[in-house]
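Working notes for the structure below.
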Amino acid sequence: MRYRARKADCDACALKHKCCPKDPQRKVARSMYEPSRDVARAIAQTPQYAISCKLRKKVEMLFAHLKRILKLDRLRLRGPTGARDEFHLAATAQNLRKLATLIPAPQIIRAA
């Protein structure tokens, strides 16, 4: 879509020489999807969106860890059940690693 101002409005404006010095009136191109973009921009300014970004980052980091560290970039078992089983094993390994960091190591008492 293209917005065109009326020539009479542009002629009466004091900023015409800065706004459209070569054209008789101002023309502004506006995408037909701009209302949707405005809604998305408004949502991006909310505190809930910031919380959602943090939570998404946590989840994406877990998947990145599965793919890079645990080498789950390619599934080796065939079929949906094999893929599910392989993913469950990798997720279990990831959870066990996380659990190991939460539990404190036992203190070794040496006899003197």
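Here's how to read the names in the structure tokens: chain A, B, ... by the order shown, residue numbers from 1 in each chain, ligand numbers from 1 in the order shown.
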
task: Using only C-alpha atoms, determine which residues lie at most 12 Å from His65 (chain A), disregarding the query and same-chain residues fewer than 4 positions distant; provide the list as a PyMOL selection string.
output: chain A and resi 58-61+69-73+90-91+93-95+97-98

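From CA of Ala50 (chain A) back to CA of Asp38 (chain A), the distance works out to 17.4 Å.
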
- request: Would you list, as a PyMOL selection string, the residues of region 54-96 of chain A that end up in alpha helix (DSSP H) under DSSP run on this structure's backbone?
  value: chain A and resi 54-68+79-96

Selection export as a JSON list (two decimals), in the first residue's frame, atoms kept: C-alpha atoms:
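Generated file (selection-v1.json):
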```json
[["chain", "number", "residue", "atom", "x", "y", "z"],
["A", 54, "LYS", "CA", 14.37, -16.03, 29.23],
["A", 55, "LEU", "CA", 12.42, -19.29, 29.43],
["A", 56, "ARG", "CA", 12.88, -19.98, 25.73],
["A", 57, "LYS", "CA", 16.60, -19.39, 26.08],
["A", 58, "LYS", "CA", 16.79, -21.99, 28.86],
["A", 59, "VAL", "CA", 15.00, -24.57, 26.75],
["A", 60, "GLU", "CA", 17.04, -23.80, 23.64],
["A", 61, "MET", "CA", 20.27, -24.11, 25.63],
["A", 62, "LEU", "CA", 19.20, -27.58, 26.75],
["A", 63, "PHE", "CA", 18.59, -28.66, 23.17],
["A", 64, "ALA", "CA", 21.90, -27.14, 22.08],
["A", 65, "HIS", "CA", 23.63, -29.11, 24.85],
["A", 66, "LEU", "CA", 21.93, -32.30, 23.67],
["A", 67, "LYS", "CA", 23.05, -31.68, 20.11],
["A", 68, "ARG", "CA", 26.62, -30.52, 20.72],
["A", 79, "GLY", "CA", 11.29, -45.20, 13.58],
["A", 80, "PRO", "CA", 9.33, -42.98, 15.94],
["A", 81, "THR", "CA", 9.73, -45.31, 18.92],
["A", 82, "GLY", "CA", 13.48, -45.59, 18.38],
["A", 83, "ALA", "CA", 13.80, -41.81, 18.11],
["A", 84, "ARG", "CA", 11.70, -41.35, 21.24],
["A", 85, "ASP", "CA", 13.76, -43.90, 23.16],
["A", 86, "GLU", "CA", 17.04, -42.32, 22.07],
["A", 87, "PHE", "CA", 15.82, -38.87, 23.02],
["A", 88, "HIS", "CA", 14.62, -40.11, 26.41],
["A", 89, "LEU", "CA", 18.03, -41.67, 27.09],
["A", 90, "ALA", "CA", 19.81, -38.44, 26.17],
["A", 91, "ALA", "CA", 17.42, -36.36, 28.30],
["A", 92, "THR", "CA", 17.94, -38.77, 31.20],
["A", 93, "ALA", "CA", 21.72, -38.41, 30.86],
["A", 94, "GLN", "CA", 21.34, -34.65, 30.81],
["A", 95, "ASN", "CA", 19.16, -34.68, 33.92],
["A", 96, "LEU", "CA", 21.62, -36.96, 35.74]]
```

Cys10 (chain A): which residues within 10 Å, counting only C-alpha atoms, same-chain residues fewer than 2 positions away excluded, as a compact mmCIF listing (two decimals) with C-alpha atoms, in the first residue's frame?
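As written to disk, result_8.txt reads:
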```txt
# COMPACT_ATOMS: atom_id res chain seq x y z
CA ALA A 5 -0.74 13.12 0.99
CA ARG A 6 -2.82 15.72 -0.75
CA LYS A 7 -0.87 18.34 -2.67
CA ALA A 8 -2.72 21.13 -0.87
CA ALA A 12 0.68 24.45 3.24
CA CYS A 13 3.27 22.59 5.36
CA ALA A 14 6.34 24.50 6.55
CA LEU A 15 8.51 21.34 6.36
CA LYS A 16 7.81 20.56 2.70
CA HIS A 17 11.31 21.55 1.59
CA CYS A 19 10.13 16.27 3.59
CA CYS A 20 9.69 16.08 -0.17
CA ASP A 23 7.98 15.80 -5.33
CA PRO A 24 4.72 17.73 -5.25
CA GLN A 25 3.38 15.66 -2.34
CA ARG A 26 4.62 13.06 0.12
```

query: If you measure from CA of Met32 (chain A) to CA of Arg4 (chain A), what distance in Å do you get, rounded to one decimal?
result: 15.2 Å

message: Using DSSP assignments from the backbone, pull out every residue in chain A that falls under strand (DSSP E) and give it to me as a PyMOL selection string.
response: chain A and resi 2-4+27-29

statement: As a check of understanding: the span from CA of Lys27 (chain A) to CA of Tyr3 (chain A) is 5.6 Å
